[in-house]
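Engineer: Have a look at this one.
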There are 2 protein chains.
Amino acid sequence: MTRSRQRIVIENVSPEIDGGRFPVKRTAGQTVRVEADIYTDGHDLITAFLMHREAESRTFSETPMIPTENDRWAGEFRVVSVGRAVYTLHAFVARFLSWQRDLSKKIEAGQDISVDLLVGALLAEDAAKRAGGADRRKLLSFARAIRPGEARGVPECATAALDGELGALADRYPDRALATPFGRELPVVVDRERARFGAWYELFPRSCSAEPGRHGTFKEVEGRLPYVASMGFDVLYLPPIHPIGRTNRKGRNNANVARPEDVGSPWAIGAAEGGHKAVHPQLGTVEDFGDLVRSAREHGIEIAMDIAFQCAPDHPYVKEHPEWFRIRPDGTVQYAENPPKKYEDIIPFDFDTPRWMELWEELKSVVLFWAGHGVRIFRVDNPHTKPFAFWEWLIAGIKREHPDAIFLAEAFTRPKVMYRLAKAGFTQSYTYFAWRNTKQELEAYFRGLTQTEVREYFRPNLWPNTPDILTEHLQYGGRPAFMARLVLAATLGATYGIYGPAFELCEHAATAPGREEYLDSEKYEIRTWDTGRPDSLREFIALVNRIRRESPPLQSDDNLRFHPVDNDQLIAYSKTAEDGSGTILVVVNLDPRHTQSGWVELPLEAFGLGDASPFQGHDLLSGARFLWQGSRLYVALDPTAVPAHIIRLRRKVRTEKDFDYFM
Amino acid sequence: MTRSRQRIVIENVSPEIDGGRFPVKRTAGQTVRVEADIYTDGHDLITAFLMHREAESRTFSETPMIPTENDRWAGEFRVVSVGRAVYTLHAFVARFLSWQRDLSKKIEAGQDISVDLLVGALLAEDAAKRAGGADRRKLLSFARAIRPGEARGVPECATAALDGELGALADRYPDRALATPFGRELPVVVDRERARFGAWYELFPRSCSAEPGRHGTFKEVEGRLPYVASMGFDVLYLPPIHPIGRTNRKGRNNANVARPEDVGSPWAIGAAEGGHKAVHPQLGTVEDFGDLVRSAREHGIEIAMDIAFQCAPDHPYVKEHPEWFRIRPDGTVQYAENPPKKYEDIIPFDFDTPRWMELWEELKSVVLFWAGHGVRIFRVDNPHTKPFAFWEWLIAGIKREHPDAIFLAEAFTRPKVMYRLAKAGFTQSYTYFAWRNTKQELEAYFRGLTQTEVREYFRPNLWPNTPDILTEHLQYGGRPAFMARLVLAATLGATYGIYGPAFELCEHAATAPGREEYLDSEKYEIRTWDTGRPDSLREFIALVNRIRRESPPLQSDDNLRFHPVDNDQLIAYSKTAEDGSGTILVVVNLDPRHTQSGWVELPLEAFGLGDASPFQGHDLLSGARFLWQGSRLYVALDPTAVPAHIIRLRRKVRTEKDFDYFM
């Protein structure tokens, strides 16, 4: 039960994730806009301040908050350094401003204000005690100017008293002992830009051999870097690179029994050659991997590594630490299962083990080991089958040493579990995007991600395909479906990825009708890809990625807005940059078979475009430029050509010389 | 940073007011339905329990929660005793149920389950260790039955293993050391029924004299009790009964200068005769007041007292405790003002005084004093001009000694301030009802009060008029407006009140056009009312209050639902009782001048009425009975007769003998 003189209420602060239990996420340079309900009893005015500091700093910076409506206040600050920041609020009764407001009402009503002027002079003198230097002198001279006396009449003092600057100055030195603090410091995780914006490319290193059928090497992956770079990707993600178990190894197409020449699943980690800190001998050495990381960097590409915390039966851990696994009553080690499915080539850790602390420490050391070899991006396999508390502890621990580390959660599971993993610290998350194909599905899903509190902590990373996911839409939609899904992923999300070369080569054969598994999946065998095929989407992807890099609006998620189209096969949305660099409008034909046309309804005001004046649209995919006027825009998209527009909208700029020129 | 084996997440609990900072409110006998998101990593099933206890009790009662959808769980408990209760949750991994689920999937897939049966037997034996008596014996015999051995084959064991009862039994004895607790105990304030349901009547005791113009007495208020009781009111609220200040006393119609015979405002509390613990000599003695309290109780009426923490300039406090007031630089005590308005007859306490602790204690002693004289209902004047922390402390302190105390907040101010006072402890609150007159206004306002979290802590008390509020609608709407507003107040709100006899006599003269002040207001003079006037609404009010008492649906607020009508002058809403006692449908003509008719659309399913079968409507105001079928109901209301229906809806009950009879 509070018993105090703190009269102000500060509540309903946003963003505030679960009462400050979890941080909000930003990238360096972004702003945090903070809102709160702030009010007090009675009629006094208030001043409120947003306070923020980097986590290591001891001193807060203070920025004033502004009332909006219905006792709601807003302020914002910019996060500068990668790491952690905190923010909080405090508020004061604005004694001087309240006094000024009352005084001016009394003057208006012609009331006697001589005593009020005295009150004001005392308030100004009181504030002066807490001020220093010039402010102190200003306040004292102010106090003299409003105190009626022999030299000054009341009207003269009244004029001085209503000075706005001096009023604000007096309330800049409130009695801080009477501040009402919000009471909690709310955390912000500040990541580097790649956490927010980036294009990912996944490939299997063992399929990178120049010679068909031979096991590829890290050196050969280096040879593939120019190809990946030419398409404009920022991140190259490799499935696990560790030795692969032999016991219960899966054969081609997930066969239960492997032939001697079968290479097995890279996710069946660990063999006599080593475990999570070792490299598959056929790929090369740990040093070769280091070379690849460096070489990639020269191409502007960062290597993302797979973290799959599970073991093949012949992983050294199983012998060295049987206490980390569940032993069945028959003495065997419990393999992974999701009944009736069995994964006999994989043994899960038993996170319920009484030796959990040692297990946690060892797993953290795995991530630290690879961070020591220059890796900063980790794609985490199935994090939802390990405890949330484990991830919260691990990611925080890694980021204390490597604040630039990025963790992508591969959890295709129930929404609340996915959100919780994001809250627990994952930088980015896979999404349901692959299975959202109709306009209604896409709009509902992305509204939920970008226009609710979720956007404060959950950063989507959109994949139209993965080695595990070949959707029916891609199986049956042909090349137009691949193009449309690429544009959707690359423009709905600031971060997206594709699994290639399967994607750019429009690989679409599944194991069976109704299944989402690739036929002859690279998960179980080496594939040879003809990346030079003329029908490859390589150039289209390069164009889309170039547009993304040149278009700041496409580099954020929370600026996404959908627009009505009178055709359910057409989806339209836009992103407008905070920095005033304009608006990108995207229209996609979701029907891979027929030309679809319709009218898009645009909120020109929100785009900063006048309703009446003409404006220019520049389709960055086709290069075409259009001149429009009004909020209705006609669109027709032929999927066999290009099933999308990515349009930069520009206001028409008139000059004296050239009345039809656009800047 | 959590580092533990607690694997379950319990979050987004509702109701939970500001993270448990404030209690939810119930009355004894009501249920608290609790919902929460509960989930864990991986695929394990969960059991979750709602725990609750009375605040004084040390032991929790436990009730199982049931999953609804999308990882949301729900459970409920009933609060029995007036006072405080707390609730919290905890959850366990349901090891045995998870095992059973997996086992049945494996059996279905024809897999070998012999080792799984052993695992189950060990789990059952483990649970048996924590069980006692019959449950222990059952679990041990269960373990034997599912352990394959010489005597039992696997199929036989499998049948035993899938026994649902035994599965649930095993998970009733989880390892409590591995429980995940929610972590917070959430408070409930449990009030008596009057906090939720009651009809209030306000009158000025000094106007109760039998002899016109003479100052009324408590004895004469006793004489008025049968009149108030005959109208069916539960609470009789009296404006302040204390000595009235003489310095700067206001005259009739709020005149700045009083004539010698003017009686002054009862809210200008304190004079030579005493202050907040004294009684106005012309009303009688403290003992007379005690008699009135007792006499009222015999009529089924409770006296509500006014708590106005402010002083007349001649209140004894001003001399005895000048430190509790703000002294101006000219040595005078600061009177109340809201510039340019001045209230020279009233001096506010200075809650910013360094002696605030003593002030708080003294004010609490005022409430305790009157509680000692049998008062349990306090209508608090302008609580929003005193600190929230003060009220939270005071109300909690009073309710510790008198858990049956009820506090009504008279704060006509900004919505968030009103809500905060309710959170701080006020049992009930005045509302904006008086100024919500159109259908759109009423629906929006009451949806906000009854269908959001606000309903958990803010109990509206609806007043169509008060001595301060004579709305334009009542000034110009005539008798039909008074009748319609009465029905609205009495049926939209489980608690409502009127200021009489001004209300039942349809007093509608204001001081000036556009003002809401009564002409010749009782706040400043003694009025004589002819309560026997034939045009009084007395009988209509009695009828409405009788309907309220006989209709459980009208005794709650959060069951309010609005229904579409194709005429904006008609508003339709219903309340359905939790206890199955049926539905009350209300239709009101908001136009005081013209007959209005239209079609009401009813959600028959929600009422428990089949769409196809006929049902009966019984208009409790007119006594008329109607037979209907279908969801559309035609209504026509003539304001000059009765501008409302209050209809009890009944399902038609067919018996063998009587095919058109209703039960």
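In the structure tokens, each chain is lettered A, B, ... as it comes, each chain's residues begin at 1, and ligands are numbered from 1 in order of appearance.
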With a distance cut-off of 8 Å and only C-alpha atoms, select the neighbouring residues of stretch 198-206 of chain B, excluding the residue or stretch itself and same-chain residues fewer than 3 positions from it, and output the selection as a ChimeraX atom specification.

Structural biologist: /B:194-195,209,215-218,220-221,228,232-239,283,490,494-501,522,526,545

Engineer: As a PyMOL selection string, could you give me every residue of chain B near chain A (at most 8 Å apart, counting only C-alpha atoms)?

Structural biologist: chain B and resi 1-7+19+39-43+70-71+102-103+105-106+109+115+118-119+328-330+338-340+351-352+356+384-390+392-393+414-417

Engineer: Residues as selected, C-alpha atoms, written as a tab-separated table (two decimals), in the first residue's frame, can you do that?

Structural biologist:
chain	number	residue	atom	x	y	z
B	1	MET	CA	17.62	-13.84	-15.92
B	2	THR	CA	15.80	-17.06	-15.09
B	3	ARG	CA	17.91	-20.18	-15.09
B	4	SER	CA	15.82	-23.09	-14.02
B	5	ARG	CA	14.05	-26.25	-15.01
B	6	GLN	CA	10.64	-24.59	-14.84
B	7	ARG	CA	9.55	-25.29	-18.37
B	19	GLY	CA	0.08	-6.73	-13.09
B	39	TYR	CA	2.15	-23.71	-22.70
B	40	THR	CA	5.52	-25.35	-22.64
B	41	ASP	CA	8.31	-26.26	-25.01
B	42	GLY	CA	8.13	-29.48	-26.95
B	43	HIS	CA	5.13	-31.75	-27.19
B	70	ASN	CA	-4.79	-21.56	-28.90
B	71	ASP	CA	-3.05	-22.39	-25.58
B	102	ASP	CA	2.18	-41.20	-27.24
B	103	LEU	CA	1.47	-44.80	-26.36
B	105	LYS	CA	-0.37	-43.33	-31.22
B	106	LYS	CA	2.30	-46.02	-31.21
B	109	ALA	CA	0.85	-47.43	-35.77
B	115	VAL	CA	9.73	-50.69	-23.35
B	118	LEU	CA	7.91	-50.26	-18.61
B	119	VAL	CA	8.37	-46.48	-18.75
B	328	ARG	CA	-0.89	32.81	0.94
B	329	PRO	CA	1.95	35.35	1.10
B	330	ASP	CA	-0.49	37.90	2.54
B	338	ASN	CA	-10.73	26.69	-10.22
B	339	PRO	CA	-9.84	29.96	-11.96
B	340	PRO	CA	-11.69	32.06	-12.72
B	351	PHE	CA	-2.25	17.53	0.67
B	352	ASP	CA	1.26	18.72	-0.23
B	356	TRP	CA	0.52	15.11	5.44
B	384	HIS	CA	-10.26	13.46	-7.67
B	385	THR	CA	-8.96	16.62	-6.01
B	386	LYS	CA	-7.13	14.56	-3.38
B	387	PRO	CA	-4.18	12.20	-3.99
B	388	PHE	CA	-4.92	8.71	-5.27
B	389	ALA	CA	-2.49	7.27	-2.72
B	390	PHE	CA	-4.51	8.87	0.06
B	392	GLU	CA	-5.98	3.80	-1.50
B	393	TRP	CA	-4.60	3.99	2.00
B	414	ARG	CA	-11.39	12.70	-17.00
B	415	PRO	CA	-12.01	9.01	-17.65
B	416	LYS	CA	-8.57	7.77	-16.62
B	417	VAL	CA	-8.78	9.65	-13.33

Engineer: Mind the document's chain letters and residue numbers, and return as a PyMOL selection string the residues of stretch 510-602 of chain A that DSSP labels helix (DSSP H, G or I).

Structural biologist: chain A and resi 538-550+552-555

Engineer: Please provide as an mmCIF file with C-alpha atoms, in the first residue's frame all residues within 7 Å of A:Val279, with the sequence filter that same-chain residues fewer than 2 positions apart are discarded (counting only C-alpha atoms).

Structural biologist:
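To be explicit, this is the file written out as selection-v9.cif:
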data_model
loop_
_atom_site.group_PDB
_atom_site.id
_atom_site.type_symbol
_atom_site.label_atom_id
_atom_site.label_comp_id
_atom_site.auth_asym_id
_atom_site.auth_seq_id
_atom_site.Cartn_x
_atom_site.Cartn_y
_atom_site.Cartn_z
ATOM 1 C CA ILE A 241 28.689 -28.584 -41.014
ATOM 2 C CA HIS A 242 29.591 -31.156 -38.388
ATOM 3 C CA PRO A 243 30.473 -34.847 -38.690
ATOM 4 C CA LYS A 277 32.700 -28.245 -32.278
ATOM 5 C CA PRO A 281 35.981 -34.108 -42.708
ATOM 6 C CA GLY A 284 37.373 -29.530 -44.868
ATOM 7 C CA THR A 285 38.806 -28.282 -41.606
ATOM 8 C CA VAL A 286 37.828 -25.705 -39.049
#

Engineer: Would you list the contacts of stretch 58-67 of chain B as a ChimeraX atom specification, taking every protein, DNA or RNA residue within 12 Å and counting only C-alpha atoms, but skipping same-chain residues closer than 4 positions in sequence?

Structural biologist: /B:33-39,45-54,71-79,85-92,168,171-172,185

Engineer: Could those residues be written to a file, using N, CA, C and O atoms, as a compact mmCIF listing (two decimals), in the first residue's frame?

Structural biologist:
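Listing of selection-v4.txt after writing:
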# COMPACT_ATOMS: atom_id res chain seq x y z
N ARG B 33 -13.86 -15.88 -13.07
CA ARG B 33 -13.41 -16.74 -14.16
C ARG B 33 -12.01 -16.26 -14.55
O ARG B 33 -11.82 -15.09 -14.89
N VAL B 34 -11.06 -17.14 -14.45
CA VAL B 34 -9.66 -16.79 -14.71
C VAL B 34 -9.20 -17.47 -16.00
O VAL B 34 -9.46 -18.66 -16.20
N GLU B 35 -8.57 -16.71 -16.86
CA GLU B 35 -7.99 -17.29 -18.07
C GLU B 35 -6.50 -16.97 -18.12
O GLU B 35 -6.05 -15.98 -17.54
N ALA B 36 -5.76 -17.81 -18.82
CA ALA B 36 -4.32 -17.58 -18.94
C ALA B 36 -3.80 -18.33 -20.16
O ALA B 36 -4.38 -19.33 -20.58
N ASP B 37 -2.75 -17.80 -20.75
CA ASP B 37 -2.01 -18.56 -21.76
C ASP B 37 -1.06 -19.49 -21.00
O ASP B 37 -0.25 -19.02 -20.19
N ILE B 38 -1.16 -20.77 -21.26
CA ILE B 38 -0.29 -21.74 -20.58
C ILE B 38 0.24 -22.71 -21.62
O ILE B 38 -0.54 -23.31 -22.37
N TYR B 39 1.55 -22.82 -21.70
CA TYR B 39 2.15 -23.71 -22.70
C TYR B 39 3.57 -24.03 -22.27
O TYR B 39 4.12 -23.40 -21.37
N LEU B 45 2.10 -32.72 -22.73
CA LEU B 45 0.83 -32.18 -22.25
C LEU B 45 1.05 -31.52 -20.89
O LEU B 45 2.06 -31.76 -20.23
N ILE B 46 0.06 -30.73 -20.51
CA ILE B 46 0.17 -29.92 -19.29
C ILE B 46 -1.06 -30.16 -18.43
O ILE B 46 -2.14 -30.41 -18.95
N THR B 47 -0.88 -30.08 -17.12
CA THR B 47 -2.04 -29.88 -16.25
C THR B 47 -1.84 -28.55 -15.55
O THR B 47 -0.71 -28.20 -15.17
N ALA B 48 -2.92 -27.81 -15.40
CA ALA B 48 -2.82 -26.47 -14.80
C ALA B 48 -3.91 -26.32 -13.75
O ALA B 48 -5.01 -26.86 -13.91
N PHE B 49 -3.58 -25.61 -12.71
CA PHE B 49 -4.52 -25.44 -11.61
C PHE B 49 -4.67 -23.97 -11.23
O PHE B 49 -3.69 -23.23 -11.18
N LEU B 50 -5.91 -23.59 -10.98
CA LEU B 50 -6.22 -22.28 -10.42
C LEU B 50 -6.24 -22.46 -8.91
O LEU B 50 -6.85 -23.39 -8.39
N MET B 51 -5.51 -21.58 -8.21
CA MET B 51 -5.45 -21.68 -6.75
C MET B 51 -6.04 -20.42 -6.15
O MET B 51 -5.77 -19.32 -6.64
N HIS B 52 -6.81 -20.57 -5.10
CA HIS B 52 -7.43 -19.39 -4.50
C HIS B 52 -7.61 -19.61 -3.01
O HIS B 52 -7.72 -20.74 -2.53
N ARG B 53 -7.59 -18.52 -2.30
CA ARG B 53 -7.81 -18.58 -0.86
C ARG B 53 -8.33 -17.23 -0.39
O ARG B 53 -8.13 -16.21 -1.06
N GLU B 54 -8.97 -17.23 0.76
CA GLU B 54 -9.31 -15.95 1.39
C GLU B 54 -8.02 -15.36 1.94
O GLU B 54 -7.09 -16.09 2.29
N ASP B 71 -3.82 -22.43 -26.83
CA ASP B 71 -3.05 -22.39 -25.58
C ASP B 71 -3.65 -21.51 -24.50
O ASP B 71 -2.94 -21.09 -23.58
N ARG B 72 -4.95 -21.22 -24.64
CA ARG B 72 -5.64 -20.46 -23.59
C ARG B 72 -6.33 -21.45 -22.66
O ARG B 72 -6.94 -22.42 -23.13
N TRP B 73 -6.22 -21.22 -21.37
CA TRP B 73 -6.85 -22.09 -20.38
C TRP B 73 -7.82 -21.26 -19.53
O TRP B 73 -7.64 -20.05 -19.39
N ALA B 74 -8.81 -21.94 -18.97
CA ALA B 74 -9.81 -21.23 -18.16
C ALA B 74 -10.20 -22.06 -16.95
O ALA B 74 -10.23 -23.29 -17.00
N GLY B 75 -10.48 -21.36 -15.88
CA GLY B 75 -11.00 -22.00 -14.67
C GLY B 75 -11.76 -20.96 -13.87
O GLY B 75 -11.68 -19.76 -14.20
N GLU B 76 -12.49 -21.37 -12.89
CA GLU B 76 -13.18 -20.36 -12.09
C GLU B 76 -13.35 -20.82 -10.65
O GLU B 76 -13.27 -22.01 -10.35
N PHE B 77 -13.53 -19.84 -9.78
CA PHE B 77 -13.83 -20.15 -8.39
C PHE B 77 -14.85 -19.14 -7.87
O PHE B 77 -15.05 -18.09 -8.48
N ARG B 78 -15.47 -19.50 -6.78
CA ARG B 78 -16.51 -18.66 -6.21
C ARG B 78 -15.94 -17.98 -4.96
O ARG B 78 -15.25 -18.64 -4.17
N VAL B 79 -16.19 -16.70 -4.81
CA VAL B 79 -15.79 -16.03 -3.57
C VAL B 79 -16.97 -16.08 -2.61
O VAL B 79 -18.11 -15.84 -3.00
N ALA B 85 -9.73 -11.85 -1.17
CA ALA B 85 -9.28 -13.18 -1.57
C ALA B 85 -8.10 -12.98 -2.51
O ALA B 85 -7.86 -11.86 -3.00
N VAL B 86 -7.34 -14.02 -2.74
CA VAL B 86 -6.27 -13.95 -3.74
C VAL B 86 -6.35 -15.21 -4.60
O VAL B 86 -6.88 -16.23 -4.17
N TYR B 87 -5.85 -15.09 -5.81
CA TYR B 87 -5.77 -16.27 -6.65
C TYR B 87 -4.45 -16.25 -7.40
O TYR B 87 -3.83 -15.21 -7.59
N THR B 88 -4.01 -17.43 -7.75
CA THR B 88 -2.82 -17.57 -8.57
C THR B 88 -2.95 -18.88 -9.33
O THR B 88 -4.00 -19.54 -9.28
N LEU B 89 -1.92 -19.26 -10.08
CA LEU B 89 -2.01 -20.46 -10.89
C LEU B 89 -0.68 -21.22 -10.78
O LEU B 89 0.36 -20.61 -10.50
N HIS B 90 -0.75 -22.49 -10.99
CA HIS B 90 0.50 -23.20 -11.29
C HIS B 90 0.21 -24.34 -12.26
O HIS B 90 -0.95 -24.72 -12.46
N ALA B 91 1.26 -24.82 -12.87
CA ALA B 91 1.08 -25.83 -13.91
C ALA B 91 2.21 -26.83 -13.84
O ALA B 91 3.30 -26.55 -13.33
N PHE B 92 1.93 -28.02 -14.35
CA PHE B 92 2.89 -29.11 -14.36
C PHE B 92 2.95 -29.73 -15.75
O PHE B 92 1.95 -29.73 -16.46
N ALA B 168 -5.36 -39.88 -15.41
CA ALA B 168 -5.60 -38.60 -14.73
C ALA B 168 -5.13 -38.69 -13.27
O ALA B 168 -4.58 -37.73 -12.73
N ASP B 171 -1.40 -38.13 -12.86
CA ASP B 171 -0.98 -36.74 -12.99
C ASP B 171 -1.56 -35.84 -11.90
O ASP B 171 -1.31 -34.65 -11.88
N ARG B 172 -2.39 -36.44 -11.02
CA ARG B 172 -2.83 -35.65 -9.86
C ARG B 172 -1.73 -35.61 -8.80
O ARG B 172 -1.82 -34.87 -7.83
N GLU B 185 0.40 -13.38 -6.67
CA GLU B 185 -0.94 -13.63 -6.13
C GLU B 185 -1.79 -12.41 -6.46
O GLU B 185 -1.44 -11.29 -6.13

Engineer: Near A:Gly630, within 10 Å and counting only C-alpha atoms, which residues show up once chain neighbours fewer than 6 positions away are dropped, as a VMD selection string?

Structural biologist: chain A and resid 601 to 604 609 to 615

Engineer: So which residues of stretch 409-485 of chain B fall under strand (DSSP E or B) by DSSP, listed as a PyMOL selection string?

Structural biologist: chain B and resi 409-410+428-430+460-462+466+469

Engineer: Which is closer to B:His645 than all the others in B:Asp619, B:Glu193, B:Glu320, B:Glu516, using only C-alpha atoms?

Structural biologist: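 Counting only C-alpha atoms, the residue closest to B:His645 is B:Asp619.
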